[in-house]
$ cat entry-v5.pdb   # PDB, C-alpha atoms
ATOM      1  CA  MET A   1       0.000   0.000   0.000
ATOM      2  CA  LEU A   2       2.840   2.384   0.813
ATOM      3  CA  TRP A   3       4.566   1.733  -2.506
ATOM      4  CA  PHE A   4       1.374   2.321  -4.493
ATOM      5  CA  THR A   5       0.525   5.468  -2.524
ATOM      6  CA  LEU A   6       4.064   6.786  -3.040
ATOM      7  CA  ALA A   7       3.725   6.322  -6.799
ATOM      8  CA  LEU A   8       0.391   8.169  -6.798
ATOM      9  CA  THR A   9       1.431  11.129  -4.644
ATOM     10  CA  GLY A  10       4.915  11.472  -6.125
ATOM     11  CA  GLY A  11       3.615  11.495  -9.679
ATOM     12  CA  PHE A  12       0.783  13.919  -9.043
ATOM     13  CA  MET A  13       3.019  16.195  -6.946
ATOM     14  CA  LEU A  14       4.978  16.982 -10.132
ATOM     15  CA  VAL A  15       1.726  17.662 -12.009
ATOM     16  CA  GLU A  16       0.507  20.079  -9.315
ATOM     17  CA  ALA A  17       3.834  21.883  -9.026
ATOM     18  CA  ILE A  18       3.978  22.519 -12.776
ATOM     19  CA  ALA A  19       0.285  23.463 -12.867
ATOM     20  CA  GLY A  20       0.698  25.850  -9.931
ATOM     21  CA  TRP A  21       3.547  27.607 -11.715
ATOM     22  CA  LEU A  22       1.667  27.803 -15.028
ATOM     23  CA  THR A  23      -1.646  28.979 -13.524
ATOM     24  CA  GLY A  24      -0.125  31.277 -10.895
ATOM     25  CA  SER A  25      -2.091  29.585  -8.089
ATOM     26  CA  LEU A  26      -0.416  29.619  -4.663
ATOM     27  CA  ALA A  27      -3.097  27.251  -3.379
ATOM     28  CA  LEU A  28      -1.977  24.688  -5.965
ATOM     29  CA  VAL A  29       1.669  25.266  -5.061
ATOM     30  CA  SER A  30       0.699  24.805  -1.398
ATOM     31  CA  ASP A  31      -0.998  21.522  -2.223
ATOM     32  CA  ALA A  32       2.004  20.425  -4.306
ATOM     33  CA  ALA A  33       4.319  21.264  -1.407
ATOM     34  CA  HIS A  34       2.233  19.129   0.903
ATOM     35  CA  MET A  35       2.294  16.328  -1.628
ATOM     36  CA  PHE A  36       6.071  16.645  -1.706
ATOM     37  CA  THR A  37       6.140  16.103   2.063
ATOM     38  CA  ASP A  38       3.770  13.175   1.531
ATOM     39  CA  SER A  39       6.187  11.621  -0.913
ATOM     40  CA  ALA A  40       9.146  12.184   1.413
ATOM     41  CA  ALA A  41       7.132  10.852   4.347
ATOM     42  CA  LEU A  42       6.082   7.748   2.463
ATOM     43  CA  ALA A  43       9.650   7.096   1.347
ATOM     44  CA  VAL A  44      10.870   7.423   4.936
ATOM     45  CA  SER A  45       7.977   5.243   6.114
ATOM     46  CA  LEU A  46       8.927   2.539   3.652
ATOM     47  CA  ALA A  47      12.529   2.663   4.850
ATOM     48  CA  ALA A  48      11.315   2.467   8.461
ATOM     49  CA  VAL A  49       9.152  -0.562   7.682
ATOM     50  CA  ARG A  50      12.077  -2.362   6.047
ATOM     51  CA  LEU A  51      14.505  -1.469   8.844
ATOM     52  CA  GLY A  52      11.922  -2.326  11.500
ATOM     53  CA  ARG A  53      11.845  -5.897  10.203
ATOM     54  CA  LEU A  54      15.550  -6.406  10.794
ATOM     55  CA  PRO A  55      16.186  -8.840  13.654
ATOM     56  CA  ALA A  56      17.632  -7.839  17.009
ATOM     57  CA  ASP A  57      21.365  -8.285  17.474
ATOM     58  CA  THR A  58      23.926  -8.048  20.275
ATOM     59  CA  LYS A  59      24.064  -4.257  20.036
ATOM     60  CA  ARG A  60      20.387  -3.517  19.378
ATOM     61  CA  THR A  61      18.391  -5.899  21.533
ATOM     62  CA  TYR A  62      15.080  -4.374  20.427
ATOM     63  CA  GLY A  63      16.048  -4.467  16.776
ATOM     64  CA  TYR A  64      15.242  -1.415  14.661
ATOM     65  CA  GLN A  65      11.579  -0.938  15.581
ATOM     66  CA  ARG A  66      12.124   2.629  16.759
ATOM     67  CA  PHE A  67      12.910   3.755  13.202
ATOM     68  CA  GLU A  68       9.123   3.938  12.886
ATOM     69  CA  ILE A  69       9.031   6.687  15.527
ATOM     70  CA  LEU A  70      12.024   8.533  14.088
ATOM     71  CA  ALA A  71      10.268   8.538  10.706
ATOM     72  CA  ALA A  72       7.072   9.946  12.249
ATOM     73  CA  ALA A  73       9.012  12.718  14.040
ATOM     74  CA  PHE A  74      10.873  13.576  10.820
ATOM     75  CA  ASN A  75       7.620  13.774   8.860
ATOM     76  CA  ALA A  76       6.046  16.050  11.473
ATOM     77  CA  ALA A  77       9.041  18.401  11.426
ATOM     78  CA  LEU A  78       8.903  18.510   7.623
ATOM     79  CA  LEU A  79       5.227  19.454   7.685
ATOM     80  CA  PHE A  80       5.952  22.309  10.102
ATOM     81  CA  LEU A  81       8.537  23.736   7.709
ATOM     82  CA  VAL A  82       6.177  23.483   4.747
ATOM     83  CA  ALA A  83       3.401  25.237   6.692
ATOM     84  CA  ILE A  84       5.767  28.125   7.537
ATOM     85  CA  PHE A  85       6.797  28.442   3.878
ATOM     86  CA  ILE A  86       3.200  28.550   2.672
ATOM     87  CA  LEU A  87       2.205  31.177   5.260
ATOM     88  CA  TYR A  88       5.120  33.351   4.156
ATOM     89  CA  GLU A  89       4.243  33.010   0.479
ATOM     90  CA  ALA A  90       0.582  33.758   1.191
ATOM     91  CA  TRP A  91       1.566  36.989   2.950
ATOM     92  CA  GLN A  92       3.560  37.986  -0.131
ATOM     93  CA  ARG A  93       0.530  37.314  -2.338
ATOM     94  CA  PHE A  94      -1.728  39.418  -0.119
ATOM     95  CA  MET A  95       0.707  42.293  -0.533
ATOM     96  CA  GLU A  96       1.165  41.789  -4.283
ATOM     97  CA  PRO A  97      -1.784  39.933  -5.894
ATOM     98  CA  ALA A  98      -0.948  37.832  -8.951
ATOM     99  CA  PRO A  99      -3.172  36.803 -11.902
ATOM    100  CA  ILE A 100      -4.518  33.248 -11.759
ATOM    101  CA  ARG A 101      -5.660  30.906 -14.562
ATOM    102  CA  THR A 102      -8.619  29.456 -12.706
ATOM    103  CA  LEU A 103      -9.795  26.829 -15.204
ATOM    104  CA  GLY A 104      -6.475  24.965 -15.195
ATOM    105  CA  MET A 105      -6.327  25.375 -11.416
ATOM    106  CA  LEU A 106      -9.792  23.790 -11.082
ATOM    107  CA  VAL A 107      -9.053  20.807 -13.327
ATOM    108  CA  VAL A 108      -5.808  19.945 -11.537
ATOM    109  CA  ALA A 109      -7.437  20.367  -8.107
ATOM    110  CA  VAL A 110     -10.232  17.928  -9.011
ATOM    111  CA  LEU A 111      -7.670  15.368 -10.196
ATOM    112  CA  GLY A 112      -5.695  15.937  -6.997
ATOM    113  CA  LEU A 113      -8.782  15.287  -4.888
ATOM    114  CA  ALA A 114      -9.308  11.956  -6.657
ATOM    115  CA  VAL A 115      -5.681  10.926  -6.163
ATOM    116  CA  ASN A 116      -5.748  11.835  -2.466
ATOM    117  CA  LEU A 117      -9.022   9.968  -1.902
ATOM    118  CA  VAL A 118      -7.448   6.798  -3.290
ATOM    119  CA  ALA A 119      -4.255   7.292  -1.236
ATOM    120  CA  ALA A 120      -6.185   7.980   1.994
ATOM    121  CA  ARG A 121      -8.304   4.873   1.454
ATOM    122  CA  LEU A 122      -5.179   2.744   0.999
ATOM    123  CA  LEU A 123      -3.512   3.994   4.190
ATOM    124  CA  HIS A 124      -6.536   4.228   6.499
ATOM    125  CA  ALA A 125      -6.468   0.655   7.840
ATOM    126  CA  GLY A 126      -2.815   0.777   8.932
ATOM    127  CA  SER A 127      -3.143   4.238  10.505
ATOM    128  CA  THR A 128      -5.045   2.969  13.544
ATOM    129  CA  SER A 129      -2.258   0.794  14.948
ATOM    130  CA  ASN A 130       1.019   2.187  13.618
ATOM    131  CA  LEU A 131       2.344   5.694  14.349
ATOM    132  CA  ASN A 132       4.473   5.716  11.224
ATOM    133  CA  MET A 133       1.475   4.815   9.036
ATOM    134  CA  LYS A 134      -0.615   7.352  10.934
ATOM    135  CA  SER A 135       1.862  10.095  10.048
ATOM    136  CA  ALA A 136       1.676   9.177   6.355
ATOM    137  CA  TYR A 137      -2.138   8.950   6.525
ATOM    138  CA  LEU A 138      -2.428  12.371   8.197
ATOM    139  CA  GLU A 139      -0.309  13.968   5.505
ATOM    140  CA  VAL A 140      -2.402  12.413   2.739
ATOM    141  CA  LEU A 141      -5.545  13.498   4.593
ATOM    142  CA  SER A 142      -4.241  17.051   4.811
ATOM    143  CA  ASP A 143      -3.660  17.000   1.050
ATOM    144  CA  LEU A 144      -7.187  15.731   0.526
ATOM    145  CA  VAL A 145      -8.571  18.695   2.450
ATOM    146  CA  GLY A 146      -6.139  20.943   0.593
ATOM    147  CA  SER A 147      -7.406  19.743  -2.785
ATOM    148  CA  ALA A 148     -10.984  20.391  -1.709
ATOM    149  CA  GLY A 149      -9.957  23.901  -0.622
ATOM    150  CA  VAL A 150      -8.281  24.591  -3.948
ATOM    151  CA  ILE A 151     -11.449  23.521  -5.785
ATOM    152  CA  VAL A 152     -13.509  25.960  -3.694
ATOM    153  CA  ALA A 153     -10.969  28.738  -4.297
ATOM    154  CA  ALA A 154     -10.957  28.100  -8.054
ATOM    155  CA  LEU A 155     -14.748  28.236  -8.235
ATOM    156  CA  VAL A 156     -14.924  31.442  -6.195
ATOM    157  CA  ILE A 157     -12.262  33.140  -8.337
ATOM    158  CA  LEU A 158     -13.876  31.869 -11.530
ATOM    159  CA  TYR A 159     -17.263  33.412 -10.692
ATOM    160  CA  THR A 160     -16.248  36.487  -8.663
ATOM    161  CA  GLY A 161     -12.698  37.379  -9.739
ATOM    162  CA  LEU A 162     -11.558  37.667  -6.089
ATOM    163  CA  THR A 163      -7.954  36.484  -6.474
ATOM    164  CA  TRP A 164      -7.153  37.025  -2.775
ATOM    165  CA  VAL A 165      -9.173  33.865  -2.094
ATOM    166  CA  ASP A 166      -6.247  31.836  -3.466
ATOM    167  CA  PRO A 167      -3.652  32.822  -0.791
ATOM    168  CA  LEU A 168      -6.421  32.704   1.843
ATOM    169  CA  VAL A 169      -7.098  29.044   1.048
ATOM    170  CA  ALA A 170      -3.345  28.376   1.107
ATOM    171  CA  VAL A 171      -3.202  29.853   4.637
ATOM    172  CA  LEU A 172      -6.225  27.822   5.761
ATOM    173  CA  ILE A 173      -4.593  24.632   4.471
ATOM    174  CA  GLY A 174      -1.438  25.428   6.450
ATOM    175  CA  LEU A 175      -3.376  26.245   9.635
ATOM    176  CA  TRP A 176      -5.436  23.070   9.301
ATOM    177  CA  VAL A 177      -2.312  20.940   9.074
ATOM    178  CA  VAL A 178      -0.345  22.461  11.983
ATOM    179  CA  PRO A 179      -2.458  21.233  14.972
ATOM    180  CA  ARG A 180      -2.560  17.660  13.641
ATOM    181  CA  THR A 181       1.157  17.780  12.981
ATOM    182  CA  TRP A 182       1.751  18.917  16.557
ATOM    183  CA  VAL A 183      -0.235  15.958  17.925
ATOM    184  CA  LEU A 184       1.853  13.568  15.828
ATOM    185  CA  PHE A 185       5.133  15.235  16.830
ATOM    186  CA  ARG A 186       4.198  15.181  20.524
ATOM    187  CA  ALA A 187       3.311  11.473  20.380
ATOM    188  CA  SER A 188       6.614  10.694  18.635
ATOM    189  CA  VAL A 189       8.675  12.648  21.167
ATOM    190  CA  ASN A 190       6.834  10.976  24.061
ATOM    191  CA  ILE A 191       7.858   7.551  22.770
ATOM    192  CA  LEU A 192      11.448   8.650  22.122
ATOM    193  CA  LEU A 193      11.619   9.933  25.722
ATOM    194  CA  GLU A 194      10.161   6.598  26.892
ATOM    195  CA  GLY A 195       7.135   8.303  28.406
ATOM    196  CA  VAL A 196       3.974   6.514  29.456
ATOM    197  CA  PRO A 197       2.104   5.459  26.279
ATOM    198  CA  ASP A 198      -1.151   7.221  25.461
ATOM    199  CA  GLY A 199      -4.150   5.486  27.003
ATOM    200  CA  LEU A 200      -2.270   4.215  30.056
ATOM    201  CA  ASP A 201      -2.556   5.801  33.507
ATOM    202  CA  LEU A 202       0.501   5.083  35.655
ATOM    203  CA  SER A 203      -1.365   5.563  38.951
ATOM    204  CA  GLU A 204      -4.021   3.107  37.777
ATOM    205  CA  VAL A 205      -1.363   0.561  36.839
ATOM    206  CA  ARG A 206       0.242   0.941  40.269
ATOM    207  CA  ALA A 207      -3.078   0.597  42.092
ATOM    208  CA  SER A 208      -3.914  -2.559  40.128
ATOM    209  CA  ILE A 209      -0.559  -4.127  41.027
ATOM    210  CA  LEU A 210      -1.074  -3.279  44.713
ATOM    211  CA  ALA A 211      -4.523  -4.895  44.576
ATOM    212  CA  VAL A 212      -3.020  -8.295  43.711
ATOM    213  CA  PRO A 213      -3.201 -10.650  46.768
ATOM    214  CA  GLY A 214       0.153 -10.905  48.532
ATOM    215  CA  VAL A 215       1.513  -7.623  47.116
ATOM    216  CA  CYS A 216       2.079  -4.890  49.684
ATOM    217  CA  GLY A 217       4.307  -2.461  47.785
ATOM    218  CA  VAL A 218       5.631  -1.448  44.378
ATOM    219  CA  HIS A 219       8.436   0.879  43.372
ATOM    220  CA  GLU A 220      10.766   1.559  40.420
ATOM    221  CA  LEU A 221       7.691   1.368  38.212
ATOM    222  CA  HIS A 222       8.405   2.198  34.560
ATOM    223  CA  VAL A 223       6.055   1.948  31.576
ATOM    224  CA  TRP A 224       7.174   2.752  28.038
ATOM    225  CA  ALA A 225       6.920   1.600  24.433
ATOM    226  CA  VAL A 226       9.670   0.816  21.954
ATOM    227  CA  ALA A 227       7.391   1.769  19.067
ATOM    228  CA  SER A 228       3.709   2.704  18.812
ATOM    229  CA  ARG A 229       2.561  -0.765  19.853
ATOM    230  CA  GLU A 230       3.281  -3.269  22.613
ATOM    231  CA  PRO A 231       3.890  -1.283  25.822
ATOM    232  CA  SER A 232       6.538  -2.619  28.186
ATOM    233  CA  LEU A 233       6.780  -2.468  31.979
ATOM    234  CA  SER A 234       9.393  -3.027  34.649
ATOM    235  CA  ALA A 235       8.839  -2.839  38.400
ATOM    236  CA  HIS A 236       9.994  -3.975  41.826
ATOM    237  CA  VAL A 237       7.081  -5.680  43.578
ATOM    238  CA  VAL A 238       7.221  -6.189  47.347
ATOM    239  CA  VAL A 239       5.445  -9.220  48.878
ATOM    240  CA  GLU A 240       4.711  -9.919  52.543
ATOM    241  CA  ASN A 241       6.809 -13.076  52.612
ATOM    242  CA  SER A 242       8.762 -15.248  50.202
ATOM    243  CA  ALA A 243       5.996 -17.861  50.114
ATOM    244  CA  ASP A 244       3.776 -15.355  48.269
ATOM    245  CA  ALA A 245       6.355 -14.585  45.589
ATOM    246  CA  GLN A 246       5.280 -16.949  42.799
ATOM    247  CA  GLY A 247       1.571 -16.376  43.273
ATOM    248  CA  ALA A 248       2.045 -12.606  43.377
ATOM    249  CA  LEU A 249       4.194 -12.679  40.225
ATOM    250  CA  GLU A 250       1.576 -14.662  38.341
ATOM    251  CA  GLY A 251      -1.202 -12.398  39.612
ATOM    252  CA  VAL A 252       0.615  -9.223  38.579
ATOM    253  CA  SER A 253       1.369 -10.602  35.107
ATOM    254  CA  ARG A 254      -2.258 -11.621  34.651
ATOM    255  CA  VAL A 255      -3.591  -8.204  35.712
ATOM    256  CA  LEU A 256      -1.158  -6.371  33.437
ATOM    257  CA  GLY A 257      -2.125  -8.499  30.444
ATOM    258  CA  GLU A 258      -5.884  -8.582  30.953
ATOM    259  CA  ARG A 259      -6.477  -5.007  32.103
ATOM    260  CA  PHE A 260      -3.749  -3.007  30.382
ATOM    261  CA  HIS A 261      -2.673  -5.292  27.490
ATOM    262  CA  ILE A 262       0.912  -5.204  28.761
ATOM    263  CA  HIS A 263       2.412  -8.551  27.819
ATOM    264  CA  HIS A 264       6.081  -7.595  27.972
ATOM    265  CA  SER A 265       7.007  -7.036  31.615
ATOM    266  CA  THR A 266      10.050  -7.492  33.821
ATOM    267  CA  ILE A 267       9.153  -7.809  37.499
ATOM    268  CA  GLN A 268      11.576  -8.152  40.366
ATOM    269  CA  VAL A 269       9.977  -9.625  43.483
ATOM    270  CA  GLU A 270      11.216  -8.505  46.899
ATOM    271  CA  SER A 271      10.129 -10.309  50.070
ATOM    272  CA  GLY A 272      10.464  -9.724  53.796
ATOM    273  CA  GLY A 273       7.691  -7.211  54.358
ATOM    274  CA  CYS A 274       6.992  -3.718  53.060
ATOM    275  CA  PRO A 275       9.371  -0.917  54.027
ATOM    276  CA  ALA A 276       7.577   2.302  54.915
ATOM    277  CA  ALA A 277       9.015   4.090  51.852
ATOM    278  CA  HIS A 278       7.457   1.512  49.533
ATOM    279  CA  SER A 279       4.042   1.173  51.074
ATOM    280  CA  ALA A 280       3.696   4.888  51.745
ATOM    281  CA  GLY A 281       4.063   5.778  48.093
ATOM    282  CA  HIS A 282       7.641   5.800  46.837
ATOM    283  CA  PRO A 283       7.998   8.282  43.914
ATOM    284  CA  GLN A 284       7.175   6.596  40.635
ATOM    285  CA  HIS A 285       8.904   7.109  37.295
ATOM    286  CA  ALA A 286       8.044   6.430  33.691
TER     287      ALA A 286
END
$ encode --input "entry-v5.pdb" --output "structure tokens"
Amino acid sequence: MLWFTLALTGGFMLVEAIAGWLTGSLALVSDAAHMFTDSAALAVSLAAVRLGRLPADTKRTYGYQRFEILAAAFNAALLFLVAIFILYEAWQRFMEPAPIRTLGMLVVAVLGLAVNLVAARLLHAGSTSNLNMKSAYLEVLSDLVGSAGVIVAALVILYTGLTWVDPLVAVLIGLWVVPRTWVLFRASVNILLEGVPDGLDLSEVRASILAVPGVCGVHELHVWAVASREPSLSAHVVVENSADAQGALEGVSRVLGERFHIHHSTIQVESGGCPAAHSAGHPQHA
């Protein structure tokens, strides 16, 4: 799906760039710029998928899965730069309006909408479970909205002659993309910093562990994710006596899997009672 989408967006990006130059439409150039970032993002995503499949070795015990997150962060940063460029160019157009060939602008925008609809449909399924695919999907989605905006701008200019609508639509496209790009960038940085994955509450995880029979304390609790899937956990669990150790370990593992879908955990069991620091709420980290 990524290969096919890359061929679609890369090919039509050249069409839009040439058409934007010939028609004088900044909105088309804006859409072409976003399609350029789509193409770059898809290429990086493909590289990340290939690298992510490489097996773990003695130096990289998790393999190369985190390339997915690096690709998502790179794509988000690229989109920010494109948005800044478009806003600057739009300001220039507001100051010095340029003539626009609206009919050619309209035809290319309609074709662009069709291409982006196909690309978005291809990437939608993978976007729900993979941050790298989500980044590529968001960029294609932003282009889809951009193409729709260019169509509206072309129709307005065609029937009213208000050429300032063209840079206005370009600005709206840029402003629409920025908040979604920020969400993607923030999620990528959170994973790179080994923060608690979205959808998990650390205090709730801790309370659930403490509720397991035989467990009377927990500290050094860490929850993170190597990529956008499969959260991992490590913790020191304190039991009342050594006889409870195995049962407590099994209970904690079961709770983590059933309630939080954490199936990759490393738990160190400590026996001999609960020190005051542990039972009273030792500072937690993630």
$ closest_residue --input "entry-v5.pdb" --among "A:Leu70, A:Leu221, A:Val239, A:Val140" --to "Asp38 (chain A)" --atoms "only C-alpha atoms"
A:Val140
$ resolve_selection --input "entry-v5.pdb" --expression "the PyMOL selection byres ((chain A and resi 264) around 8)" --output "ChimeraX atom specification"
/A:230-233,262-263,265-266
$ write_last_selection --input "entry-v5.pdb" --atoms "C-alpha atoms" --output "compact mmCIF listing (two decimals), keeping the file's coordinate frame"
# COMPACT_ATOMS: atom_id res chain seq x y z
CA GLU A 230 3.28 -3.27 22.61
CA PRO A 231 3.89 -1.28 25.82
CA SER A 232 6.54 -2.62 28.19
CA LEU A 233 6.78 -2.47 31.98
CA ILE A 262 0.91 -5.20 28.76
CA HIS A 263 2.41 -8.55 27.82
CA SER A 265 7.01 -7.04 31.62
CA THR A 266 10.05 -7.49 33.82
$ closest_atom_pairs --input "entry-v5.pdb" --of "region 112-226 of chain A" --to "region 83-87 of chain A" --cutoff "9 Å" --atoms "all atoms listed in the file" --output "CSV"
residue,atom,partner,partner_atom,distance
A:Pro167,CA,A:Leu87,CA,8.6
A:Ala170,CA,A:Ile86,CA,6.7
A:Val171,CA,A:Leu87,CA,5.6
A:Ile173,CA,A:Ala83,CA,8.3
A:Gly174,CA,A:Ala83,CA,4.8
A:Leu175,CA,A:Ala83,CA,7.5
A:Val177,CA,A:Ala83,CA,7.5
A:Val178,CA,A:Ala83,CA,7.1
$ closest_residue --input "entry-v5.pdb" --among "A:Leu256, A:Ile100, A:Ala120, A:Leu138" --to "Val156 (chain A)" --atoms "only C-alpha atoms"
A:Ile100
$ closest_residue --input "entry-v5.pdb" --among "A:Ala148, A:Val226, A:Leu141, A:Val218" --to "Ser203 (chain A)" --atoms "all atoms listed in the file"
A:Val218
$ resolve_selection --input "entry-v5.pdb" --expression "the PyMOL selection byres ((chain A and resi 112) around 8)" --output "PyMOL selection string"
chain A and resi 12+16+108-111+113-116+144+147
$ write_last_selection --input "entry-v5.pdb" --atoms "C-alpha atoms" --output "mmCIF file, keeping the file's coordinate frame"
data_model
loop_
_atom_site.group_PDB
_atom_site.id
_atom_site.type_symbol
_atom_site.label_atom_id
_atom_site.label_comp_id
_atom_site.auth_asym_id
_atom_site.auth_seq_id
_atom_site.Cartn_x
_atom_site.Cartn_y
_atom_site.Cartn_z
ATOM 1 C CA PHE A 12 0.783 13.919 -9.043
ATOM 2 C CA GLU A 16 0.507 20.079 -9.315
ATOM 3 C CA VAL A 108 -5.808 19.945 -11.537
ATOM 4 C CA ALA A 109 -7.437 20.367 -8.107
ATOM 5 C CA VAL A 110 -10.232 17.928 -9.011
ATOM 6 C CA LEU A 111 -7.670 15.368 -10.196
ATOM 7 C CA LEU A 113 -8.782 15.287 -4.888
ATOM 8 C CA ALA A 114 -9.308 11.956 -6.657
ATOM 9 C CA VAL A 115 -5.681 10.926 -6.163
ATOM 10 C CA ASN A 116 -5.748 11.835 -2.466
ATOM 11 C CA LEU A 144 -7.187 15.731 0.526
ATOM 12 C CA SER A 147 -7.406 19.743 -2.785
#
$ residues_around --input "entry-v5.pdb" --residues "Val150 (chain A)" --least-positions-apart "4" --cutoff "7 Å" --atoms "all atoms listed in the file" --output "list in words"
Ala27, Leu28, Ala109, Gly146, Ala154 and Val169 of chain A
$ write_last_selection --input "entry-v5.pdb" --atoms "C-alpha atoms" --output "PDB file, keeping the file's coordinate frame"
ATOM      1  CA  ALA A  27      -3.097  27.251  -3.379  1.00  0.00           C
ATOM      2  CA  LEU A  28      -1.977  24.688  -5.965  1.00  0.00           C
ATOM      3  CA  ALA A 109      -7.437  20.367  -8.107  1.00  0.00           C
ATOM      4  CA  GLY A 146      -6.139  20.943   0.593  1.00  0.00           C
ATOM      5  CA  ALA A 154     -10.957  28.100  -8.054  1.00  0.00           C
ATOM      6  CA  VAL A 169      -7.098  29.044   1.048  1.00  0.00           C
TER       7      VAL A 169
END
$ closest_residue --input "entry-v5.pdb" --among "A:Val145, A:Ala32, A:Ala43, A:Val215" --to "Trp176 (chain A)" --atoms "only C-alpha atoms"
A:Val145
$ closest_residue --input "entry-v5.pdb" --among "A:Leu155, A:Ala7, A:Ala235, A:Leu249" --to "Leu42 (chain A)" --atoms "all atoms listed in the file"
A:Ala7
$ resolve_selection --input "entry-v5.pdb" --expression "the PyMOL selection byres ((chain A and resi 163) around 9)" --output "PyMOL selection string"
chain A and resi 97-100+153+156-157+160-162+164-167
$ residues_around --input "entry-v5.pdb" --residues "Asn241 (chain A)" --least-positions-apart "2" --cutoff "12 Å" --atoms "all atoms listed in the file" --output "ChimeraX atom specification"
/A:213-217,237-239,243-248,269-274
$ write_last_selection --input "entry-v5.pdb" --atoms "C-alpha atoms" --output "tab-separated table (two decimals), in the frame of the given file"
chain	number	residue	atom	x	y	z
A	213	PRO	CA	-3.20	-10.65	46.77
A	214	GLY	CA	0.15	-10.90	48.53
A	215	VAL	CA	1.51	-7.62	47.12
A	216	CYS	CA	2.08	-4.89	49.68
A	217	GLY	CA	4.31	-2.46	47.78
A	237	VAL	CA	7.08	-5.68	43.58
A	238	VAL	CA	7.22	-6.19	47.35
A	239	VAL	CA	5.44	-9.22	48.88
A	243	ALA	CA	6.00	-17.86	50.11
A	244	ASP	CA	3.78	-15.36	48.27
A	245	ALA	CA	6.36	-14.58	45.59
A	246	GLN	CA	5.28	-16.95	42.80
A	247	GLY	CA	1.57	-16.38	43.27
A	248	ALA	CA	2.04	-12.61	43.38
A	269	VAL	CA	9.98	-9.62	43.48
A	270	GLU	CA	11.22	-8.51	46.90
A	271	SER	CA	10.13	-10.31	50.07
A	272	GLY	CA	10.46	-9.72	53.80
A	273	GLY	CA	7.69	-7.21	54.36
A	274	CYS	CA	6.99	-3.72	53.06
$ atom_distance --input "entry-v5.pdb" --atom1 "CA of Ser25 (chain A)" --atom2 "CA of Leu81 (chain A)"
19.9 Å
$ closest_residue --input "entry-v5.pdb" --among "A:Thr102, A:Gly63, A:Val223, A:Val205" --to "Glu258 (chain A)" --atoms "only C-alpha atoms"
A:Val205
$ atom_distance --input "entry-v5.pdb" --atom1 "CA of Lys59 (chain A)" --atom2 "CA of Ser234 (chain A)"
20.7 Å
$ residues_near_point --input "entry-v5.pdb" --point "(-1.0, 28.1, -18.4)" --cutoff "10 Å" --atoms "all atoms listed in the file" --output "mmCIF file with C-alpha atoms, in the coordinates of the input"
data_model
loop_
_atom_site.group_PDB
_atom_site.id
_atom_site.type_symbol
_atom_site.label_atom_id
_atom_site.label_comp_id
_atom_site.auth_asym_id
_atom_site.auth_seq_id
_atom_site.Cartn_x
_atom_site.Cartn_y
_atom_site.Cartn_z
ATOM 1 C CA ILE A 18 3.978 22.519 -12.776
ATOM 2 C CA ALA A 19 0.285 23.463 -12.867
ATOM 3 C CA GLY A 20 0.698 25.850 -9.931
ATOM 4 C CA TRP A 21 3.547 27.607 -11.715
ATOM 5 C CA LEU A 22 1.667 27.803 -15.028
ATOM 6 C CA THR A 23 -1.646 28.979 -13.524
ATOM 7 C CA GLY A 24 -0.125 31.277 -10.895
ATOM 8 C CA ILE A 100 -4.518 33.248 -11.759
ATOM 9 C CA ARG A 101 -5.660 30.906 -14.562
ATOM 10 C CA THR A 102 -8.619 29.456 -12.706
ATOM 11 C CA LEU A 103 -9.795 26.829 -15.204
ATOM 12 C CA GLY A 104 -6.475 24.965 -15.195
ATOM 13 C CA MET A 105 -6.327 25.375 -11.416
#
$ atom_distance --input "entry-v5.pdb" --atom1 "CA of Arg206 (chain A)" --atom2 "CA of Phe185 (chain A)"
27.9 Å
$ residues_around --input "entry-v5.pdb" --residues "Ile191 (chain A)" --least-positions-apart "4" --cutoff "7 Å" --atoms "only C-alpha atoms" --output "PDB file with C-alpha atoms, in the coordinates of the input"
ATOM      1  CA  ALA A 187       3.311  11.473  20.380  1.00  0.00           C
ATOM      2  CA  GLY A 195       7.135   8.303  28.406  1.00  0.00           C
ATOM      3  CA  ALA A 225       6.920   1.600  24.433  1.00  0.00           C
ATOM      4  CA  ALA A 227       7.391   1.769  19.067  1.00  0.00           C
TER       5      ALA A 227
END
$ decode --input "entry-v5.pdb" --residues "region 169-191 of chain A" --atoms "C-alpha atoms" --output "PDB file, in the first residue's frame"
ATOM      1  CA  VAL A 169      -7.098  29.044   1.048  1.00  0.00           C
ATOM      2  CA  ALA A 170      -3.345  28.376   1.107  1.00  0.00           C
ATOM      3  CA  VAL A 171      -3.202  29.853   4.637  1.00  0.00           C
ATOM      4  CA  LEU A 172      -6.225  27.822   5.761  1.00  0.00           C
ATOM      5  CA  ILE A 173      -4.593  24.632   4.471  1.00  0.00           C
ATOM      6  CA  GLY A 174      -1.438  25.428   6.450  1.00  0.00           C
ATOM      7  CA  LEU A 175      -3.376  26.245   9.635  1.00  0.00           C
ATOM      8  CA  TRP A 176      -5.436  23.070   9.301  1.00  0.00           C
ATOM      9  CA  VAL A 177      -2.312  20.940   9.074  1.00  0.00           C
ATOM     10  CA  VAL A 178      -0.345  22.461  11.983  1.00  0.00           C
ATOM     11  CA  PRO A 179      -2.458  21.233  14.972  1.00  0.00           C
ATOM     12  CA  ARG A 180      -2.560  17.660  13.641  1.00  0.00           C
ATOM     13  CA  THR A 181       1.157  17.780  12.981  1.00  0.00           C
ATOM     14  CA  TRP A 182       1.751  18.917  16.557  1.00  0.00           C
ATOM     15  CA  VAL A 183      -0.235  15.958  17.925  1.00  0.00           C
ATOM     16  CA  LEU A 184       1.853  13.568  15.828  1.00  0.00           C
ATOM     17  CA  PHE A 185       5.133  15.235  16.830  1.00  0.00           C
ATOM     18  CA  ARG A 186       4.198  15.181  20.524  1.00  0.00           C
ATOM     19  CA  ALA A 187       3.311  11.473  20.380  1.00  0.00           C
ATOM     20  CA  SER A 188       6.614  10.694  18.635  1.00  0.00           C
ATOM     21  CA  VAL A 189       8.675  12.648  21.167  1.00  0.00           C
ATOM     22  CA  ASN A 190       6.834  10.976  24.061  1.00  0.00           C
ATOM     23  CA  ILE A 191       7.858   7.551  22.770  1.00  0.00           C
TER      24      ILE A 191
END
